[in-house]
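Working notes for the structure below.
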Amino acid sequence: MDTQKLIAKDLLKIKAVFFSPDEPFTWASGIKSPVYCDNRLTLTDVEVRNDVENAIAQTVKENYPDCEVLMGTSTAGIAHAAIAGHILGMPMGYVRSGAKDHGRQNQIEGRLEKGQKVVVVEDLISTGGSVIEVVNTLREYGAEVLGIVSIFTYGMKKGLDRLEEAKVKNISLTNFDVIAEVAAEENYIQPEDIARLIAFRNNPSDESWIGGRA
């Protein structure tokens, strides 16, 4: 089984990704969404955690062989960077969303030398805003950001455009399209729901997919 399908099966099994096209969730922005995602649940299932962390480590080895340090996003990427770093025998740290207002006022935690080659570890990418802030913080510090490894990406146009504009590569263990396909194969959703899910992903502000109207 390829990695994308394996991780998709894992996330669905533990309801880290949960589809509900008929009773959508409401995001903080007010957008109705047919998908709920909480990849923190991967940390509490040992089998799934092993699959995820080994896949992150393998992705770093294969795609970013020059990586010297893993940097997790705060807070969701920290544990994944730590465990994958342990597997790889590699240093890790993390980037705060803002500098501390006390002590040394660090925004980057852990030892990082200017010029070091870094891979950012993130759990989820939707519109890409938060992970690109991390990339920019590391670049401003003087690190060379080779790219990002994330567990799951929606593949939303806004996120893809932002990553391209920032000139940063992201490799996700799995993605929205694969998880929707696997969800239909394993009867979490109906096959006809796939088109509705893709309609949401392609234009989250258009609610015409709700109620099977896509």
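Every chain in the structure tokens takes a letter, A first, then B, and so on in the order presented; its residues are numbered from 1, and the ligands are numbered from 1 following the presented order.
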Report as a tab-separated table the residues of stretch 108-207 of chain A within 8 Å of stretch 17-34 of chain A, each with its shortest atom pair and distance in Å (one decimal), using only C-alpha atoms, ordered by chain and increasing residue number.
```
residue	atom	partner	partner_atom	distance
A:Tyr188	CA	A:Phe19	CA	7.5
A:Ile189	CA	A:Phe19	CA	7.3
A:Asp193	CA	A:Pro21	CA	7.2
A:Arg196	CA	A:Pro21	CA	7.6
A:Leu197	CA	A:Pro34	CA	6.8
A:Phe200	CA	A:Ser33	CA	7.3
A:Pro204	CA	A:Ile31	CA	6.9
A:Ser205	CA	A:Ile31	CA	6.3
A:Glu207	CA	A:Lys32	CA	7.2
```
Please provide as a ChimeraX atom specification all residues within 12 Å of stretch 124-129 of chain A, with the sequence filter that same-chain residues fewer than 4 positions apart are discarded (counting only C-alpha atoms). /A:16-17,35-40,72-77,80,97,120,133-136,148-166,168-176,201-204
Nearest to A:Ile179 by atom-to-atom distance, counting only C-alpha atoms, from A:Lys5, A:Lys117, A:Arg96, A:Arg139: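 For A:Ile179, the nearest of the given residues is A:Lys5.
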A:Gly110 surroundings by only C-alpha atoms, 9 Å radius, close-in-sequence under 2 positions cut, as a ChimeraX atom specification: /A:71,91-95,108,112
Expected file contents, prior selection, N, CA and C atoms, as a CSV table (one decimal), in the first residue's frame:
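This went into out_1.csv:
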```
chain,number,residue,atom,x,y,z
A,71,MET,N,12.2,21.7,12.2
A,71,MET,CA,11.5,22.8,13.0
A,71,MET,C,10.0,22.6,12.9
A,91,PRO,N,18.6,17.0,15.1
A,91,PRO,CA,18.1,18.0,16.0
A,91,PRO,C,16.8,18.5,15.6
A,92,MET,N,16.0,19.0,16.5
A,92,MET,CA,14.8,19.7,16.2
A,92,MET,C,14.6,20.9,17.2
A,93,GLY,N,13.7,21.7,16.7
A,93,GLY,CA,13.2,22.8,17.5
A,93,GLY,C,11.8,23.2,17.1
A,94,TYR,N,11.4,24.4,17.5
A,94,TYR,CA,10.1,24.8,17.0
A,94,TYR,C,10.0,26.3,16.9
A,95,VAL,N,9.0,26.8,16.2
A,95,VAL,CA,8.9,28.2,16.0
A,95,VAL,C,7.5,28.7,16.6
A,108,ILE,N,12.1,31.5,18.0
A,108,ILE,CA,12.6,30.2,17.6
A,108,ILE,C,13.2,29.5,18.8
A,112,LEU,N,19.6,26.8,16.7
A,112,LEU,CA,19.6,26.9,15.2
A,112,LEU,C,20.7,27.9,14.8
```
Interatomic distance, atom CA of A:Asn54 to atom CA of A:Leu146 (Å, one decimal): 19.4 Å
Would you mind reading off the distance between atom CA of A:Leu12 and atom CA of A:Val119, one decimal, in Å?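 Calculated distance between atom CA of A:Leu12 and atom CA of A:Val119 is 26.5 Å.
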